[in-house]
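Asker: Questions regarding the structure given below will be posed in turn.
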Amino acid sequence: MKRRVTRAVSLTSLAGLTCVLAAILLMSLTAGAAFAKVDRHAGYYYPKPGSFETYVARVRSMPKANRLTRVGFVTGMTARQSERPFPPQTAMFAKGDKAEKMIIIGLTEGRMETLYRARGELAILTALARLTPAFRDFKLEGVLTFFDLLKMLGFKQLTISDGRTFSHQIVIK
């Protein structure tokens, strides 16, 4: 005759195990969040951002938007700047594994040294975005902004800086 061996698990040991697992989970989530907030571009392309905001876009990302789309957009904008008879006023580039982070750096002294001047620069970019077929064809040129265009292209973050002491970062959702 076989004998069944049963072990009673005490509620105390089960509660203790649950607490340990919860602590491990909490530490891993906290460490992951801290790691995700590390901005490896701060201190290299721009100073650590002093202000942040989140923009909730009025559009979705285009289904076919990818790294190549975003790099192509930035390359096209840069090419247009080089066609002007004067030196570029800003540098625009895409960074991140999927080129999902746009960075705009002012190249002239005093151009974007405050949040208000940076917003002025972004207003100019909104005006240019409203000239694109994507906005005109859908009759949205009076509604959408440069941030919406970035969302359509799949950008998730924009950092704008004077390249010296000021940086502002926008998360695009």
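Following the order of the structure tokens, chains are lettered A, B, ..., residues in each are numbered from 1, and ligands are numbered from 1.
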For region 134-145 of chain A, find every residue with an atom within 10 Å (counting only C-alpha atoms), except residues of its own chain fewer than 6 positions away, and show them as a PyMOL selection string.

Answerer: chain A and resi 57-59+122-123+125-128+151-152

Asker: Take the residues just selected and output them with C-alpha atoms as a PDB file, in the first residue's frame.

Answerer:
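As a result, result-v9.pdb now contains:
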```pdb
ATOM      1  CA  ALA A  57      -1.574  64.060 -30.649  1.00  0.00           C
ATOM      2  CA  ARG A  58      -4.840  64.402 -32.531  1.00  0.00           C
ATOM      3  CA  VAL A  59      -3.725  61.772 -35.056  1.00  0.00           C
ATOM      4  CA  LEU A 122       8.036  75.237 -33.160  1.00  0.00           C
ATOM      5  CA  ALA A 123       5.297  77.608 -34.384  1.00  0.00           C
ATOM      6  CA  LEU A 125       7.651  74.442 -38.002  1.00  0.00           C
ATOM      7  CA  THR A 126       3.867  74.123 -37.550  1.00  0.00           C
ATOM      8  CA  ALA A 127       3.356  76.695 -40.307  1.00  0.00           C
ATOM      9  CA  LEU A 128       5.654  74.699 -42.603  1.00  0.00           C
ATOM     10  CA  LYS A 151       3.261  61.616 -34.382  1.00  0.00           C
ATOM     11  CA  MET A 152       2.174  60.684 -37.922  1.00  0.00           C
TER      12      MET A 152
END
```

Asker: Name the residues of region 50-142 of chain A that fall into helix (DSSP H, G or I) according to DSSP on the backbone, using the chain letters and numbers of this document, as a PyMOL selection string.

Answerer: chain A and resi 67-82+115-129+133-136

Asker: Include N, CA and C atoms and write out the residues we just selected as an mmCIF file, in the first residue's frame.

Answerer:
```
data_model
loop_
_atom_site.group_PDB
_atom_site.id
_atom_site.type_symbol
_atom_site.label_atom_id
_atom_site.label_comp_id
_atom_site.auth_asym_id
_atom_site.auth_seq_id
_atom_site.Cartn_x
_atom_site.Cartn_y
_atom_site.Cartn_z
ATOM 1 N N ARG A 67 11.704 53.644 -39.236
ATOM 2 C CA ARG A 67 12.981 54.346 -39.074
ATOM 3 C C ARG A 67 13.368 55.078 -40.356
ATOM 4 N N LEU A 68 13.233 54.416 -41.476
ATOM 5 C CA LEU A 68 13.589 55.009 -42.764
ATOM 6 C C LEU A 68 12.735 56.248 -43.062
ATOM 7 N N THR A 69 11.459 56.193 -42.733
ATOM 8 C CA THR A 69 10.561 57.331 -42.921
ATOM 9 C C THR A 69 11.043 58.532 -42.118
ATOM 10 N N ARG A 70 11.374 58.291 -40.845
ATOM 11 C CA ARG A 70 11.792 59.386 -39.956
ATOM 12 C C ARG A 70 13.143 59.956 -40.379
ATOM 13 N N VAL A 71 14.078 59.102 -40.711
ATOM 14 C CA VAL A 71 15.394 59.579 -41.165
ATOM 15 C C VAL A 71 15.236 60.336 -42.482
ATOM 16 N N GLY A 72 14.386 59.867 -43.364
ATOM 17 C CA GLY A 72 14.127 60.551 -44.631
ATOM 18 C C GLY A 72 13.523 61.929 -44.421
ATOM 19 N N PHE A 73 12.611 62.041 -43.474
ATOM 20 C CA PHE A 73 12.011 63.344 -43.165
ATOM 21 C C PHE A 73 13.071 64.333 -42.692
ATOM 22 N N VAL A 74 13.891 63.903 -41.752
ATOM 23 C CA VAL A 74 14.936 64.778 -41.212
ATOM 24 C C VAL A 74 15.942 65.140 -42.304
ATOM 25 N N THR A 75 16.294 64.184 -43.130
ATOM 26 C CA THR A 75 17.233 64.438 -44.233
ATOM 27 C C THR A 75 16.645 65.459 -45.201
ATOM 28 N N GLY A 76 15.358 65.323 -45.505
ATOM 29 C CA GLY A 76 14.701 66.274 -46.400
ATOM 30 C C GLY A 76 14.663 67.671 -45.820
ATOM 31 N N MET A 77 14.354 67.782 -44.541
ATOM 32 C CA MET A 77 14.333 69.102 -43.879
ATOM 33 C C MET A 77 15.728 69.725 -43.875
ATOM 34 N N THR A 78 16.732 68.918 -43.628
ATOM 35 C CA THR A 78 18.111 69.414 -43.618
ATOM 36 C C THR A 78 18.529 69.855 -45.011
ATOM 37 N N ALA A 79 18.155 69.103 -46.015
ATOM 38 C CA ALA A 79 18.485 69.462 -47.402
ATOM 39 C C ALA A 79 17.843 70.800 -47.779
ATOM 40 N N ARG A 80 16.608 71.018 -47.360
ATOM 41 C CA ARG A 80 15.932 72.291 -47.653
ATOM 42 C C ARG A 80 16.658 73.461 -46.996
ATOM 43 N N GLN A 81 17.177 73.240 -45.792
ATOM 44 C CA GLN A 81 17.925 74.302 -45.113
ATOM 45 C C GLN A 81 19.206 74.646 -45.875
ATOM 46 N N SER A 82 19.837 73.629 -46.421
ATOM 47 C CA SER A 82 21.110 73.868 -47.109
ATOM 48 C C SER A 82 20.913 74.592 -48.445
ATOM 49 N N LEU A 115 12.238 79.021 -23.317
ATOM 50 C CA LEU A 115 11.122 78.178 -23.744
ATOM 51 C C LEU A 115 10.237 78.934 -24.736
ATOM 52 N N TYR A 116 10.089 80.238 -24.531
ATOM 53 C CA TYR A 116 9.236 81.040 -25.418
ATOM 54 C C TYR A 116 9.818 81.131 -26.830
ATOM 55 N N ARG A 117 11.112 81.296 -26.935
ATOM 56 C CA ARG A 117 11.740 81.324 -28.261
ATOM 57 C C ARG A 117 11.690 79.950 -28.917
ATOM 58 N N ALA A 118 11.840 78.913 -28.115
ATOM 59 C CA ALA A 118 11.735 77.547 -28.655
ATOM 60 C C ALA A 118 10.322 77.310 -29.181
ATOM 61 N N ARG A 119 9.329 77.780 -28.440
ATOM 62 C CA ARG A 119 7.948 77.639 -28.910
ATOM 63 C C ARG A 119 7.721 78.434 -30.198
ATOM 64 N N GLY A 120 8.386 79.574 -30.318
ATOM 65 C CA GLY A 120 8.321 80.345 -31.564
ATOM 66 C C GLY A 120 8.878 79.550 -32.730
ATOM 67 N N GLU A 121 9.981 78.882 -32.507
ATOM 68 C CA GLU A 121 10.582 78.025 -33.537
ATOM 69 C C GLU A 121 9.637 76.894 -33.903
ATOM 70 N N LEU A 122 8.995 76.311 -32.907
ATOM 71 C CA LEU A 122 8.036 75.237 -33.160
ATOM 72 C C LEU A 122 6.808 75.754 -33.910
ATOM 73 N N ALA A 123 6.418 77.004 -33.652
ATOM 74 C CA ALA A 123 5.297 77.608 -34.384
ATOM 75 C C ALA A 123 5.650 77.765 -35.865
ATOM 76 N N ILE A 124 6.891 78.119 -36.149
ATOM 77 C CA ILE A 124 7.342 78.210 -37.546
ATOM 78 C C ILE A 124 7.274 76.825 -38.196
ATOM 79 N N LEU A 125 7.700 75.801 -37.470
ATOM 80 C CA LEU A 125 7.651 74.442 -38.002
ATOM 81 C C LEU A 125 6.204 73.984 -38.209
ATOM 82 N N THR A 126 5.289 74.434 -37.353
ATOM 83 C CA THR A 126 3.867 74.123 -37.550
ATOM 84 C C THR A 126 3.379 74.759 -38.838
ATOM 85 N N ALA A 127 3.767 76.014 -39.069
ATOM 86 C CA ALA A 127 3.356 76.695 -40.307
ATOM 87 C C ALA A 127 3.862 75.944 -41.534
ATOM 88 N N LEU A 128 5.098 75.471 -41.484
ATOM 89 C CA LEU A 128 5.654 74.699 -42.603
ATOM 90 C C LEU A 128 4.938 73.354 -42.756
ATOM 91 N N ALA A 129 4.623 72.709 -41.631
ATOM 92 C CA ALA A 129 3.926 71.417 -41.681
ATOM 93 C C ALA A 129 2.556 71.573 -42.322
ATOM 94 N N PRO A 133 1.250 68.185 -48.137
ATOM 95 C CA PRO A 133 0.059 67.513 -48.674
ATOM 96 C C PRO A 133 -0.696 66.715 -47.609
ATOM 97 N N ALA A 134 0.031 66.133 -46.662
ATOM 98 C CA ALA A 134 -0.620 65.331 -45.623
ATOM 99 C C ALA A 134 -1.651 66.158 -44.864
ATOM 100 N N PHE A 135 -1.346 67.414 -44.609
ATOM 101 C CA PHE A 135 -2.284 68.282 -43.896
ATOM 102 C C PHE A 135 -3.315 68.878 -44.839
ATOM 103 N N ARG A 136 -2.883 69.344 -46.004
ATOM 104 C CA ARG A 136 -3.789 70.009 -46.947
ATOM 105 C C ARG A 136 -4.829 69.056 -47.527
#
```

Asker: What does the distance from CA of Gly50 (chain A) to CA of Ser161 (chain A) come to in Å, to one decimal?

Answerer: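 Answer for the CA of Gly50 (chain A) to CA of Ser161 (chain A) separation: 10.1 Å.
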
Asker: Give me the residues within 10 Å of Lys173 (chain A) as a list in words, counting only C-alpha atoms and dropping any in the same chain fewer than 6 places off.

Answerer: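 Counting only C-alpha atoms, the residues come to Thr54, Tyr55, Val56, Ala57, Arg58, Val59, Arg60, Ser61, Phe147, Asp148, Lys151, Gly154, Phe155, Lys156 and Gln157 of chain A.
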
Asker: Tell me, as an mmCIF file with C-alpha atoms, in the first residue's frame, which residues lie within 10 Å of Glu113 (chain A), counting only C-alpha atoms; anything in the same chain fewer than 4 positions away does not count.

Answerer:
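File part-v1.cif, as written:
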```
data_model
loop_
_atom_site.group_PDB
_atom_site.id
_atom_site.type_symbol
_atom_site.label_atom_id
_atom_site.label_comp_id
_atom_site.auth_asym_id
_atom_site.auth_seq_id
_atom_site.Cartn_x
_atom_site.Cartn_y
_atom_site.Cartn_z
ATOM 1 C CA GLY A 106 19.774 76.120 -32.351
ATOM 2 C CA THR A 108 22.974 80.739 -33.661
ATOM 3 C CA GLU A 109 23.504 82.590 -30.411
ATOM 4 C CA ARG A 117 11.740 81.324 -28.261
ATOM 5 C CA ALA A 118 11.735 77.547 -28.655
ATOM 6 C CA SER A 161 17.697 73.191 -27.276
ATOM 7 C CA ASP A 162 19.833 76.263 -27.758
ATOM 8 C CA GLY A 163 22.809 73.891 -27.654
ATOM 9 C CA ARG A 164 24.229 75.654 -24.658
ATOM 10 C CA THR A 165 22.183 75.942 -21.478
ATOM 11 C CA PHE A 166 18.502 75.469 -22.401
ATOM 12 C CA SER A 167 16.694 72.228 -23.316
#
```
